[in-house]
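With PDB, C-alpha atoms and all ligand atoms inside, this is model_36.pdb:
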```
ATOM      1  CA  MET A   1     -12.793  21.018  -0.011
ATOM      2  CA  SER A   2      -9.929  18.651  -0.789
ATOM      3  CA  ASP A   3     -10.478  15.870  -3.302
ATOM      4  CA  ALA A   4      -7.821  13.742  -1.575
ATOM      5  CA  VAL A   5      -8.668  10.128  -0.812
ATOM      6  CA  LEU A   6      -5.998  10.079   1.874
ATOM      7  CA  SER A   7      -5.340  13.227   3.842
ATOM      8  CA  VAL A   8      -2.735  13.220   6.612
ATOM      9  CA  ARG A   9      -2.410  16.299   8.800
ATOM     10  CA  GLY A  10       0.060  16.924  11.594
ATOM     11  CA  VAL A  11       0.696  13.231  12.179
ATOM     12  CA  THR A  12       3.216  12.368  14.826
ATOM     13  CA  ARG A  13       4.116   8.837  15.836
ATOM     14  CA  THR A  14       6.014   8.116  19.015
ATOM     15  CA  TYR A  15       6.761   4.564  20.120
ATOM     16  CA  ASP A  16       7.306   3.651  23.762
ATOM     17  CA  THR A  17      10.589   1.810  24.038
ATOM     18  CA  ALA A  18      12.651   0.527  26.949
ATOM     19  CA  SER A  19      14.923   3.549  26.553
ATOM     20  CA  GLY A  20      12.061   6.077  26.366
ATOM     21  CA  GLY A  21       9.906   7.605  23.623
ATOM     22  CA  LEU A  22      11.060   7.179  20.029
ATOM     23  CA  THR A  23       9.445   9.735  17.693
ATOM     24  CA  VAL A  24       9.615   8.655  14.043
ATOM     25  CA  LEU A  25       7.044  10.994  12.447
ATOM     26  CA  ARG A  26       6.864  14.670  13.375
ATOM     27  CA  GLY A  27       3.871  16.614  12.138
ATOM     28  CA  VAL A  28       3.557  14.934   8.763
ATOM     29  CA  ASP A  29       1.145  16.380   6.153
ATOM     30  CA  LEU A  30       0.309  14.481   2.969
ATOM     31  CA  ASP A  31      -2.539  14.232   0.455
ATOM     32  CA  VAL A  32      -2.977  11.436  -2.078
ATOM     33  CA  ARG A  33      -5.597  11.972  -4.770
ATOM     34  CA  PRO A  34      -7.483   9.548  -7.023
ATOM     35  CA  GLY A  35      -5.266   7.997  -9.694
ATOM     36  CA  GLU A  36      -2.108   9.387  -8.128
ATOM     37  CA  VAL A  37       0.983   7.283  -7.400
ATOM     38  CA  VAL A  38       2.888   8.820  -4.504
ATOM     39  CA  GLY A  39       6.210   7.382  -3.394
ATOM     40  CA  LEU A  40       7.708   7.299   0.076
ATOM     41  CA  ILE A  41      11.452   6.895   0.288
ATOM     42  CA  GLY A  42      13.937   7.072   3.130
ATOM     43  CA  PRO A  43      16.500   4.856   4.779
ATOM     44  CA  SER A  44      15.563   1.801   6.775
ATOM     45  CA  GLY A  45      13.991   2.878  10.047
ATOM     46  CA  SER A  46      13.013   6.351   8.800
ATOM     47  CA  GLY A  47       9.299   5.728   9.356
ATOM     48  CA  LYS A  48       7.852   4.666   5.993
ATOM     49  CA  SER A  49       5.978   1.680   7.422
ATOM     50  CA  SER A  50       4.865   3.735  10.400
ATOM     51  CA  LEU A  51       3.188   6.209   8.062
ATOM     52  CA  LEU A  52       1.605   3.420   5.995
ATOM     53  CA  HIS A  53       0.297   1.743   9.157
ATOM     54  CA  ALA A  54      -1.297   4.993  10.292
ATOM     55  CA  ALA A  55      -2.748   5.656   6.816
ATOM     56  CA  GLY A  56      -4.047   2.079   6.645
ATOM     57  CA  LEU A  57      -5.787   2.387  10.026
ATOM     58  CA  LEU A  58      -3.645  -0.439  11.372
ATOM     59  CA  GLU A  59      -2.331   1.862  14.102
ATOM     60  CA  ARG A  60      -3.419   5.148  15.549
ATOM     61  CA  PRO A  61      -1.017   8.077  15.310
ATOM     62  CA  THR A  62       0.146   9.649  18.561
ATOM     63  CA  GLU A  63      -1.111  13.021  17.283
ATOM     64  CA  GLY A  64      -2.697  14.361  14.141
ATOM     65  CA  VAL A  65      -5.585  13.615  11.825
ATOM     66  CA  ILE A  66      -6.052  10.965   9.134
ATOM     67  CA  ARG A  67      -8.953  11.435   6.728
ATOM     68  CA  ILE A  68     -10.173   8.857   4.239
ATOM     69  CA  ASP A  69     -12.403  10.444   1.603
ATOM     70  CA  GLY A  70     -12.739  13.463   3.849
ATOM     71  CA  GLU A  71     -13.816  11.490   6.926
ATOM     72  CA  ASP A  72     -11.736  11.929  10.070
ATOM     73  CA  VAL A  73     -11.163   8.322  11.147
ATOM     74  CA  GLY A  74      -9.514   9.160  14.484
ATOM     75  CA  GLY A  75     -12.716   9.148  16.486
ATOM     76  CA  LEU A  76     -14.061   5.905  15.026
ATOM     77  CA  ASP A  77     -14.109   2.714  17.067
ATOM     78  CA  GLU A  78     -12.143  -0.325  15.922
ATOM     79  CA  GLY A  79     -15.168  -1.918  14.252
ATOM     80  CA  ALA A  80     -15.760   1.113  12.059
ATOM     81  CA  ARG A  81     -12.043   1.372  11.275
ATOM     82  CA  THR A  82     -11.949  -2.297  10.283
ATOM     83  CA  ARG A  83     -14.903  -1.782   7.946
ATOM     84  CA  ILE A  84     -13.095   1.107   6.236
ATOM     85  CA  ARG A  85      -9.926  -0.987   6.025
ATOM     86  CA  LEU A  86     -11.714  -3.949   4.445
ATOM     87  CA  GLY A  87     -13.947  -1.921   2.179
ATOM     88  CA  ARG A  88     -11.862   0.998   1.042
ATOM     89  CA  ILE A  89      -8.180   0.165   1.471
ATOM     90  CA  GLY A  90      -6.036  -2.395  -0.354
ATOM     91  CA  PHE A  91      -2.624  -3.487   0.914
ATOM     92  CA  VAL A  92       0.408  -4.951  -0.839
ATOM     93  CA  TYR A  93       3.391  -6.027   1.223
ATOM     94  CA  GLN A  94       6.967  -7.010   0.430
ATOM     95  CA  PHE A  95       6.043 -10.660   0.897
ATOM     96  CA  HIS A  96       2.925 -11.776  -0.900
ATOM     97  CA  HIS A  97       1.131 -13.480   2.047
ATOM     98  CA  LEU A  98      -0.916 -15.587  -0.361
ATOM     99  CA  LEU A  99      -2.700 -18.634   1.021
ATOM    100  CA  PRO A 100      -0.666 -21.638  -0.174
ATOM    101  CA  GLU A 101      -3.629 -23.987  -0.620
ATOM    102  CA  PHE A 102      -5.642 -21.494  -2.717
ATOM    103  CA  ASP A 103      -4.974 -20.946  -6.412
ATOM    104  CA  ALA A 104      -4.298 -17.502  -7.871
ATOM    105  CA  LEU A 105      -7.969 -16.968  -8.641
ATOM    106  CA  ASP A 106      -9.220 -17.709  -5.143
ATOM    107  CA  ASN A 107      -6.378 -15.784  -3.501
ATOM    108  CA  ALA A 108      -7.286 -12.699  -5.520
ATOM    109  CA  ALA A 109     -11.010 -13.250  -4.860
ATOM    110  CA  LEU A 110     -10.541 -13.551  -1.088
ATOM    111  CA  PRO A 111     -11.338  -9.939  -0.055
ATOM    112  CA  LEU A 112     -14.559 -10.121  -2.038
ATOM    113  CA  ARG A 113     -15.541 -13.384  -0.385
ATOM    114  CA  ILE A 114     -14.863 -11.819   3.033
ATOM    115  CA  ALA A 115     -17.069  -8.904   1.983
ATOM    116  CA  GLY A 116     -19.884 -11.366   1.199
ATOM    117  CA  VAL A 117     -19.666 -11.351  -2.605
ATOM    118  CA  LYS A 118     -20.901 -14.616  -4.145
ATOM    119  CA  LEU A 119     -18.248 -17.048  -5.330
ATOM    120  CA  ASP A 120     -18.919 -16.745  -9.074
ATOM    121  CA  ALA A 121     -18.960 -12.942  -9.029
ATOM    122  CA  ALA A 122     -15.839 -12.804  -6.845
ATOM    123  CA  ARG A 123     -13.995 -15.176  -9.155
ATOM    124  CA  ALA A 124     -15.088 -13.234 -12.231
ATOM    125  CA  ARG A 125     -13.732  -9.985 -10.812
ATOM    126  CA  ALA A 126     -10.501 -11.723  -9.738
ATOM    127  CA  ALA A 127     -10.091 -13.297 -13.188
ATOM    128  CA  THR A 128     -10.492  -9.905 -14.877
ATOM    129  CA  LEU A 129      -7.821  -8.344 -12.680
ATOM    130  CA  LEU A 130      -5.422 -11.269 -12.999
ATOM    131  CA  THR A 131      -5.836 -11.219 -16.760
ATOM    132  CA  GLU A 132      -5.119  -7.479 -16.835
ATOM    133  CA  LEU A 133      -1.988  -8.237 -14.834
ATOM    134  CA  GLY A 134      -0.871 -10.776 -17.452
ATOM    135  CA  LEU A 135      -1.814 -13.852 -15.418
ATOM    136  CA  GLY A 136      -4.778 -15.049 -17.460
ATOM    137  CA  ASP A 137      -3.075 -18.405 -18.014
ATOM    138  CA  ARG A 138      -2.098 -18.819 -14.355
ATOM    139  CA  LEU A 139      -5.503 -18.636 -12.664
ATOM    140  CA  LYS A 140      -5.420 -22.215 -11.438
ATOM    141  CA  HIS A 141      -1.822 -22.131 -10.223
ATOM    142  CA  GLN A 142      -1.139 -22.242  -6.504
ATOM    143  CA  PRO A 143       1.491 -19.839  -5.115
ATOM    144  CA  ALA A 144       4.145 -22.581  -5.097
ATOM    145  CA  GLN A 145       3.595 -22.965  -8.853
ATOM    146  CA  LEU A 146       4.134 -19.245  -9.551
ATOM    147  CA  SER A 147       7.298 -17.171  -9.881
ATOM    148  CA  GLY A 148       8.037 -14.424  -7.349
ATOM    149  CA  GLY A 149       6.866 -11.717  -9.732
ATOM    150  CA  GLU A 150       3.699 -13.643 -10.547
ATOM    151  CA  ARG A 151       2.928 -14.053  -6.835
ATOM    152  CA  GLN A 152       3.311 -10.322  -6.309
ATOM    153  CA  ARG A 153       0.975  -9.639  -9.225
ATOM    154  CA  VAL A 154      -1.593 -11.926  -7.573
ATOM    155  CA  ALA A 155      -1.090  -9.882  -4.391
ATOM    156  CA  VAL A 156      -1.761  -6.700  -6.414
ATOM    157  CA  ALA A 157      -4.941  -8.251  -7.843
ATOM    158  CA  ARG A 158      -6.062  -9.231  -4.341
ATOM    159  CA  ALA A 159      -5.408  -5.686  -3.078
ATOM    160  CA  LEU A 160      -7.531  -4.186  -5.863
ATOM    161  CA  ALA A 161     -10.265  -6.839  -5.909
ATOM    162  CA  ASN A 162     -12.766  -4.959  -3.788
ATOM    163  CA  ARG A 163     -12.216  -1.719  -5.732
ATOM    164  CA  PRO A 164     -10.549   0.141  -2.874
ATOM    165  CA  ARG A 165     -10.235   3.907  -2.886
ATOM    166  CA  LEU A 166      -6.730   3.735  -1.423
ATOM    167  CA  LEU A 167      -3.866   1.352  -2.207
ATOM    168  CA  LEU A 168      -1.021   1.150   0.295
ATOM    169  CA  ALA A 169       2.094  -0.756  -0.711
ATOM    170  CA  ASP A 170       5.093  -1.389   1.528
ATOM    171  CA  GLU A 171       8.048  -2.290  -0.677
ATOM    172  CA  PRO A 172       5.862  -4.244  -3.083
ATOM    173  CA  THR A 173       8.866  -5.242  -5.194
ATOM    174  CA  GLY A 174      11.437  -5.396  -2.399
ATOM    175  CA  ASN A 175      11.808  -9.139  -2.718
ATOM    176  CA  LEU A 176      12.251  -9.224  -6.511
ATOM    177  CA  ASP A 177      15.130  -8.846  -8.950
ATOM    178  CA  PRO A 178      15.333  -5.514 -10.844
ATOM    179  CA  ALA A 179      13.720  -6.717 -14.081
ATOM    180  CA  THR A 180      10.846  -8.440 -12.265
ATOM    181  CA  SER A 181      10.409  -5.384 -10.015
ATOM    182  CA  GLN A 182       9.968  -3.277 -13.106
ATOM    183  CA  THR A 183       7.353  -5.651 -14.553
ATOM    184  CA  VAL A 184       5.333  -5.789 -11.326
ATOM    185  CA  PHE A 185       5.552  -2.045 -10.795
ATOM    186  CA  GLU A 186       4.473  -1.287 -14.358
ATOM    187  CA  ALA A 187       1.447  -3.542 -13.928
ATOM    188  CA  LEU A 188       0.554  -1.916 -10.617
ATOM    189  CA  HIS A 189       1.074   1.577 -12.027
ATOM    190  CA  ARG A 190      -1.122   0.879 -15.035
ATOM    191  CA  LEU A 191      -3.941  -0.454 -12.851
ATOM    192  CA  VAL A 192      -3.750   2.568 -10.561
ATOM    193  CA  LYS A 193      -4.202   4.822 -13.563
ATOM    194  CA  GLU A 194      -7.012   2.675 -14.966
ATOM    195  CA  THR A 195      -8.949   2.289 -11.739
ATOM    196  CA  GLY A 196      -8.319   5.738 -10.250
ATOM    197  CA  VAL A 197      -7.297   4.288  -6.886
ATOM    198  CA  ALA A 198      -5.025   6.591  -4.849
ATOM    199  CA  ALA A 199      -1.689   4.841  -4.269
ATOM    200  CA  LEU A 200       0.958   5.412  -1.618
ATOM    201  CA  ILE A 201       4.013   3.230  -2.137
ATOM    202  CA  ALA A 202       7.058   2.897   0.121
ATOM    203  CA  THR A 203      10.152   1.809  -1.735
ATOM    204  CA  HIS A 204      13.921   1.656  -1.598
ATOM    205  CA  ASN A 205      13.976   1.347  -5.377
ATOM    206  CA  MET A 206      14.913   4.755  -6.779
ATOM    207  CA  GLU A 207      14.361   3.608 -10.324
ATOM    208  CA  LEU A 208      10.714   2.879  -9.553
ATOM    209  CA  ALA A 209      10.401   6.091  -7.550
ATOM    210  CA  GLY A 210      11.422   7.911 -10.719
ATOM    211  CA  HIS A 211       8.205   6.748 -12.370
ATOM    212  CA  MET A 212       5.873   7.967  -9.613
ATOM    213  CA  ASP A 213       3.837  11.170  -9.777
ATOM    214  CA  ARG A 214       5.304  12.623  -6.579
ATOM    215  CA  VAL A 215       7.935  11.339  -4.200
ATOM    216  CA  PHE A 216       8.544  12.264  -0.577
ATOM    217  CA  ALA A 217      11.573  11.407   1.495
ATOM    218  CA  ILE A 218      11.161  10.966   5.235
ATOM    219  CA  LYS A 219      13.959  12.837   6.939
ATOM    220  CA  ASP A 220      14.133  13.245  10.710
ATOM    221  CA  GLY A 221      10.406  12.535  10.887
ATOM    222  CA  HIS A 222       9.468  15.144   8.275
ATOM    223  CA  LEU A 223       8.368  14.680   4.670
ATOM    224  CA  GLU A 224      10.456  16.431   2.037
ATOM    225  CA  GLU A 225       9.129  16.424  -1.500
ATOM    226  CA  ARG A 226      11.761  15.442  -4.019
ATOM    227  CA  PRO A 227      11.668  17.258  -7.347
ATOM    228  CA  ALA A 228      11.196  15.000 -10.346
ATOM    229  CA  GLU A 229      14.778  15.301 -11.571
ATOM    230  CA  SER A 230      16.266  14.236  -8.252
ATOM    231  CA  HIS A 231      14.343  10.992  -8.012
ATOM    232  CA  ALA A 232      14.486   9.991 -11.654
ATOM    233  CA  TYR A 233      17.192   7.302 -11.651
TER     234      TYR A 233
HETATM  235  N1  LIG A 301       6.051  -1.045  17.599
HETATM  236  C1  LIG A 301       7.218  -0.403  17.678
HETATM  237  N2  LIG A 301       7.801  -0.166  18.870
HETATM  238  C2  LIG A 301       8.962   0.481  18.969
HETATM  239  N3  LIG A 301       9.659   0.970  17.913
HETATM  240  C3  LIG A 301       9.127   0.770  16.699
HETATM  241  C4  LIG A 301       7.896   0.075  16.503
HETATM  242  N4  LIG A 301       7.631   0.031  15.184
HETATM  243  C5  LIG A 301       8.648   0.670  14.574
HETATM  244  N5  LIG A 301       9.548   1.109  15.471
HETATM  245  C6  LIG A 301      10.780   1.873  15.187
HETATM  246  O1  LIG A 301      10.426   3.023  14.457
HETATM  247  C7  LIG A 301      11.377   3.313  13.456
HETATM  248  C8  LIG A 301      10.691   3.433  12.120
HETATM  249  O2  LIG A 301      10.254   2.127  11.721
HETATM  250  P1  LIG A 301       9.535   1.880  10.326
HETATM  251  O3  LIG A 301       9.249   0.423  10.251
HETATM  252  O4  LIG A 301       8.397   2.825  10.191
HETATM  253  O5  LIG A 301      10.699   2.285   9.296
HETATM  254  P2  LIG A 301      10.827   2.043   7.734
HETATM  255  O6  LIG A 301      11.270   3.327   7.139
HETATM  256  O7  LIG A 301       9.580   1.440   7.210
HETATM  257  O8  LIG A 301      12.011   0.984   7.664
HETATM  258  P3  LIG A 301      12.317  -0.198   6.581
HETATM  259  O9  LIG A 301      12.714   0.511   5.315
HETATM  260  O10 LIG A 301      13.458  -0.943   7.206
HETATM  261  O11 LIG A 301      11.066  -1.010   6.456
HETATM  262  C9  LIG A 301      12.432   2.225  13.544
HETATM  263  O12 LIG A 301      13.539   2.713  14.283
HETATM  264  C10 LIG A 301      11.723   1.106  14.292
HETATM  265  O13 LIG A 301      12.653   0.357  15.044
END
```

What's the structure tokens form of this structure?
Ligand SMILES: Nc1ncnc2c1ncn2[C@@H]1O[C@H](COP(=O)(O)OP(=O)(O)OP(=O)(O)O)[C@@H](O)[C@H]1O
Amino acid sequence: MSDAVLSVRGVTRTYDTASGGLTVLRGVDLDVRPGEVVGLIGPSGSGKSSLLHAAGLLERPTEGVIRIDGEDVGGLDEGARTRIRLGRIGFVYQFHHLLPEFDALDNAALPLRIAGVKLDAARARAATLLTELGLGDRLKHQPAQLSGGERQRVAVARALANRPRLLLADEPTGNLDPATSQTVFEALHRLVKETGVAALIATHNMELAGHMDRVFAIKDGHLEERPAESHAY
């Protein structure tokens, strides 16, 4: 029995386009275990987001099986998939997508509020995470009053607020300068190790990829594991 939080088996993704079927993933297999940081690299258009969307239950693969904590989610209806997404999966995107009228605290607390957690408890959890991310003195700042790196750290706190089992990040530092990318990634990495969430992170940043536990390149729709020395810087 696998201990993987995310298990991907034989996943193929074909898009219908005006010029016919476009297959971007071809029989992909991947496991991500608790506390593991797994990187996805590959040129633009290679299928990184497609794999994250399938893993995040945002789209259904054309073929293959996705399991979350051992449960095959393919046969579930959209309501059940949404519950898994809200309860067990956290997302970080390239752009923070914070609500401009909410401060950092209430942005990070949002998933808990949606899940029905009382305001005080949600804010307490959000404050703990934001403080761990070095934003303890920015709780009352709105996104416009935060730097780009601070906004992304709020987005990381929001993604981890409901204690997800799986964290999916699509170029979480893609919009930041190299030094700020490093700071945000280090904070994210530390929290993954502390919380034991399983993390799958798509990135173009090879320096960050060098700090991940395992890295896979998507090539012609297939995953190729990169040995540590070839992705370290
Ligand atoms: N809904 C869709 N319909 C048709 N084609 C799509 C759709 N979504 C993605 N594609 C195509 O699939 C390919 C893979 O896209 P995807 O976004 O997964 O790549 P990516 O590796 O994440 O790229 P980037 O690094 O630029 O974000 C691209 O050629 C894209 O144009």

What does the distance from CA of Ile201 in chain A to CA of Arg9 in chain A come to in Å, to one decimal?
->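 Interatomic distance here is 18.2 Å.
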
Once the PyMOL selection byres (((chain A and resi 7) around 12) and not hetatm) is applied to the coordinates I shared, what remains selected? I want it as a short mmCIF file (atom, residue, chain, number, x, y, z; two decimals) with C-alpha atoms, keeping the file's coordinate frame.
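What ended up in out38.cif:
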```
data_model
loop_
_atom_site.label_atom_id
_atom_site.label_comp_id
_atom_site.auth_asym_id
_atom_site.auth_seq_id
_atom_site.Cartn_x
_atom_site.Cartn_y
_atom_site.Cartn_z
CA MET A 1 -12.79 21.02 -0.01
CA SER A 2 -9.93 18.65 -0.79
CA ASP A 3 -10.48 15.87 -3.30
CA ALA A 4 -7.82 13.74 -1.58
CA VAL A 5 -8.67 10.13 -0.81
CA LEU A 6 -6.00 10.08 1.87
CA VAL A 8 -2.74 13.22 6.61
CA ARG A 9 -2.41 16.30 8.80
CA GLY A 10 0.06 16.92 11.59
CA VAL A 11 0.70 13.23 12.18
CA VAL A 28 3.56 14.93 8.76
CA ASP A 29 1.14 16.38 6.15
CA LEU A 30 0.31 14.48 2.97
CA ASP A 31 -2.54 14.23 0.46
CA VAL A 32 -2.98 11.44 -2.08
CA ARG A 33 -5.60 11.97 -4.77
CA PRO A 34 -7.48 9.55 -7.02
CA LEU A 51 3.19 6.21 8.06
CA ALA A 54 -1.30 4.99 10.29
CA ALA A 55 -2.75 5.66 6.82
CA GLY A 56 -4.05 2.08 6.64
CA GLY A 64 -2.70 14.36 14.14
CA VAL A 65 -5.58 13.62 11.82
CA ILE A 66 -6.05 10.96 9.13
CA ARG A 67 -8.95 11.44 6.73
CA ILE A 68 -10.17 8.86 4.24
CA ASP A 69 -12.40 10.44 1.60
CA GLY A 70 -12.74 13.46 3.85
CA GLU A 71 -13.82 11.49 6.93
CA ASP A 72 -11.74 11.93 10.07
CA VAL A 73 -11.16 8.32 11.15
CA LEU A 166 -6.73 3.74 -1.42
CA ALA A 198 -5.03 6.59 -4.85
CA LEU A 200 0.96 5.41 -1.62
#
```

Residues within 7 Å of ligand LIG 301 (chain A), counting all atoms listed in the file: report them as a PyMOL selection string.
-> chain A and resi 15-17+22+24+42-51

File of the preceding selection, C-alpha atoms, as an mmCIF file, keeping the file's coordinate frame:
```
data_model
loop_
_atom_site.group_PDB
_atom_site.id
_atom_site.type_symbol
_atom_site.label_atom_id
_atom_site.label_comp_id
_atom_site.auth_asym_id
_atom_site.auth_seq_id
_atom_site.Cartn_x
_atom_site.Cartn_y
_atom_site.Cartn_z
ATOM 1 C CA TYR A 15 6.761 4.564 20.120
ATOM 2 C CA ASP A 16 7.306 3.651 23.762
ATOM 3 C CA THR A 17 10.589 1.810 24.038
ATOM 4 C CA LEU A 22 11.060 7.179 20.029
ATOM 5 C CA VAL A 24 9.615 8.655 14.043
ATOM 6 C CA GLY A 42 13.937 7.072 3.130
ATOM 7 C CA PRO A 43 16.500 4.856 4.779
ATOM 8 C CA SER A 44 15.563 1.801 6.775
ATOM 9 C CA GLY A 45 13.991 2.878 10.047
ATOM 10 C CA SER A 46 13.013 6.351 8.800
ATOM 11 C CA GLY A 47 9.299 5.728 9.356
ATOM 12 C CA LYS A 48 7.852 4.666 5.993
ATOM 13 C CA SER A 49 5.978 1.680 7.422
ATOM 14 C CA SER A 50 4.865 3.735 10.400
ATOM 15 C CA LEU A 51 3.188 6.209 8.062
#
```

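Here the question is which of A:Tyr93, A:Glu194, A:Leu57, A:Ala187 gets nearest to Asp77 in chain A using all atoms listed in the file, and that residue is A:Leu57.
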
Name all residues at most 12 Å from Ala144 in chain A (count all atoms listed in the file; drop same-chain ones fewer than 4 positions away) and give them as a ChimeraX atom specification.
-> /A:96-104,138,140,148,150-151

For the residues in that selection, give me C-alpha atoms as a PDB file, in the coordinates of the input.
```pdb
ATOM      1  CA  HIS A  96       2.925 -11.776  -0.900  1.00  0.00           C
ATOM      2  CA  HIS A  97       1.131 -13.480   2.047  1.00  0.00           C
ATOM      3  CA  LEU A  98      -0.916 -15.587  -0.361  1.00  0.00           C
ATOM      4  CA  LEU A  99      -2.700 -18.634   1.021  1.00  0.00           C
ATOM      5  CA  PRO A 100      -0.666 -21.638  -0.174  1.00  0.00           C
ATOM      6  CA  GLU A 101      -3.629 -23.987  -0.620  1.00  0.00           C
ATOM      7  CA  PHE A 102      -5.642 -21.494  -2.717  1.00  0.00           C
ATOM      8  CA  ASP A 103      -4.974 -20.946  -6.412  1.00  0.00           C
ATOM      9  CA  ALA A 104      -4.298 -17.502  -7.871  1.00  0.00           C
ATOM     10  CA  ARG A 138      -2.098 -18.819 -14.355  1.00  0.00           C
ATOM     11  CA  LYS A 140      -5.420 -22.215 -11.438  1.00  0.00           C
ATOM     12  CA  GLY A 148       8.037 -14.424  -7.349  1.00  0.00           C
ATOM     13  CA  GLU A 150       3.699 -13.643 -10.547  1.00  0.00           C
ATOM     14  CA  ARG A 151       2.928 -14.053  -6.835  1.00  0.00           C
TER      15      ARG A 151
END
```

Which residue gives the smallest distance to Met212 in chain A among A:His189, A:Asp106, A:Val154, A:Gly196, with only C-alpha atoms counted?
->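 Among the listed residues, the smallest separation from Met212 in chain A belongs to A:His189.
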
Could you please give me, as a ChimeraX atom specification, the residues of protein, DNA or RNA lying at most 10 Å from (9.6, 6.3, -10.9) in the coordinate frame of the file, considering all atoms listed in the file?
-> /A:37-39,182,185-186,189,205-215,228,231-233

Please, which residues are within 8 Å of (-6.4, 2.1, -5.1) by the file's coordinates, counting all atoms listed in the file, and could they come as a PyMOL selection string?
-> chain A and resi 34-35+89-90+160+163-168+192+195-199

Write out as a PDB file with C-alpha atoms, in the coordinates of the input which residues come within 9 Å of Asn162 in chain A when counting all atoms listed in the file, dropping same-chain ones fewer than 2 positions away.
```pdb
ATOM      1  CA  LEU A  86     -11.714  -3.949   4.445  1.00  0.00           C
ATOM      2  CA  GLY A  87     -13.947  -1.921   2.179  1.00  0.00           C
ATOM      3  CA  ARG A  88     -11.862   0.998   1.042  1.00  0.00           C
ATOM      4  CA  ILE A  89      -8.180   0.165   1.471  1.00  0.00           C
ATOM      5  CA  GLY A  90      -6.036  -2.395  -0.354  1.00  0.00           C
ATOM      6  CA  ALA A 109     -11.010 -13.250  -4.860  1.00  0.00           C
ATOM      7  CA  PRO A 111     -11.338  -9.939  -0.055  1.00  0.00           C
ATOM      8  CA  LEU A 112     -14.559 -10.121  -2.038  1.00  0.00           C
ATOM      9  CA  ALA A 115     -17.069  -8.904   1.983  1.00  0.00           C
ATOM     10  CA  ALA A 122     -15.839 -12.804  -6.845  1.00  0.00           C
ATOM     11  CA  ARG A 125     -13.732  -9.985 -10.812  1.00  0.00           C
ATOM     12  CA  ARG A 158      -6.062  -9.231  -4.341  1.00  0.00           C
ATOM     13  CA  ALA A 159      -5.408  -5.686  -3.078  1.00  0.00           C
ATOM     14  CA  LEU A 160      -7.531  -4.186  -5.863  1.00  0.00           C
ATOM     15  CA  PRO A 164     -10.549   0.141  -2.874  1.00  0.00           C
TER      16      PRO A 164
END
```

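The shortest atom-to-atom distance to Ala169 in chain A, with all atoms listed in the file taken into account, belongs to A:Phe91 out of A:Phe91, A:Asp220, A:Leu146, A:Leu110.
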
May I ask for the distance between CA of Ile218 in chain A and CA of Asp170 in chain A, given in Å to one decimal place?
->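 Separating CA of Ile218 in chain A from CA of Asp170 in chain A is a distance of 14.3 Å.
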
Reconstructed N, CA and C atoms for range 53-64 of chain A, given as a JSON list (two decimals), in the coordinates of the input:
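What landed in part-v7.json:
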```json
[["chain", "number", "residue", "atom", "x", "y", "z"],
["A", 53, "HIS", "N", 1.17, 2.37, 8.15],
["A", 53, "HIS", "CA", 0.30, 1.74, 9.16],
["A", 53, "HIS", "C", -0.74, 2.73, 9.68],
["A", 54, "ALA", "N", -0.33, 3.98, 9.84],
["A", 54, "ALA", "CA", -1.30, 4.99, 10.29],
["A", 54, "ALA", "C", -2.32, 5.25, 9.18],
["A", 55, "ALA", "N", -1.85, 5.37, 7.94],
["A", 55, "ALA", "CA", -2.75, 5.66, 6.82],
["A", 55, "ALA", "C", -3.71, 4.49, 6.58],
["A", 56, "GLY", "N", -3.24, 3.27, 6.87],
["A", 56, "GLY", "CA", -4.05, 2.08, 6.64],
["A", 56, "GLY", "C", -4.93, 1.72, 7.83],
["A", 57, "LEU", "N", -4.97, 2.57, 8.82],
["A", 57, "LEU", "CA", -5.79, 2.39, 10.03],
["A", 57, "LEU", "C", -5.40, 1.12, 10.78],
["A", 58, "LEU", "N", -4.14, 0.71, 10.62],
["A", 58, "LEU", "CA", -3.64, -0.44, 11.37],
["A", 58, "LEU", "C", -3.16, 0.01, 12.74],
["A", 59, "GLU", "N", -2.75, 1.27, 12.83],
["A", 59, "GLU", "CA", -2.33, 1.86, 14.10],
["A", 59, "GLU", "C", -2.88, 3.27, 14.17],
["A", 60, "ARG", "N", -2.97, 3.77, 15.39],
["A", 60, "ARG", "CA", -3.42, 5.15, 15.55],
["A", 60, "ARG", "C", -2.20, 6.03, 15.75],
["A", 61, "PRO", "N", -2.15, 7.18, 15.07],
["A", 61, "PRO", "CA", -1.02, 8.08, 15.31],
["A", 61, "PRO", "C", -1.06, 8.64, 16.73],
["A", 62, "THR", "N", 0.09, 9.05, 17.22],
["A", 62, "THR", "CA", 0.15, 9.65, 18.56],
["A", 62, "THR", "C", -0.59, 10.99, 18.56],
["A", 63, "GLU", "N", -0.41, 11.74, 17.47],
["A", 63, "GLU", "CA", -1.11, 13.02, 17.28],
["A", 63, "GLU", "C", -1.44, 13.16, 15.81],
["A", 64, "GLY", "N", -2.40, 14.03, 15.53],
["A", 64, "GLY", "CA", -2.70, 14.36, 14.14],
["A", 64, "GLY", "C", -3.96, 13.70, 13.64]]
```
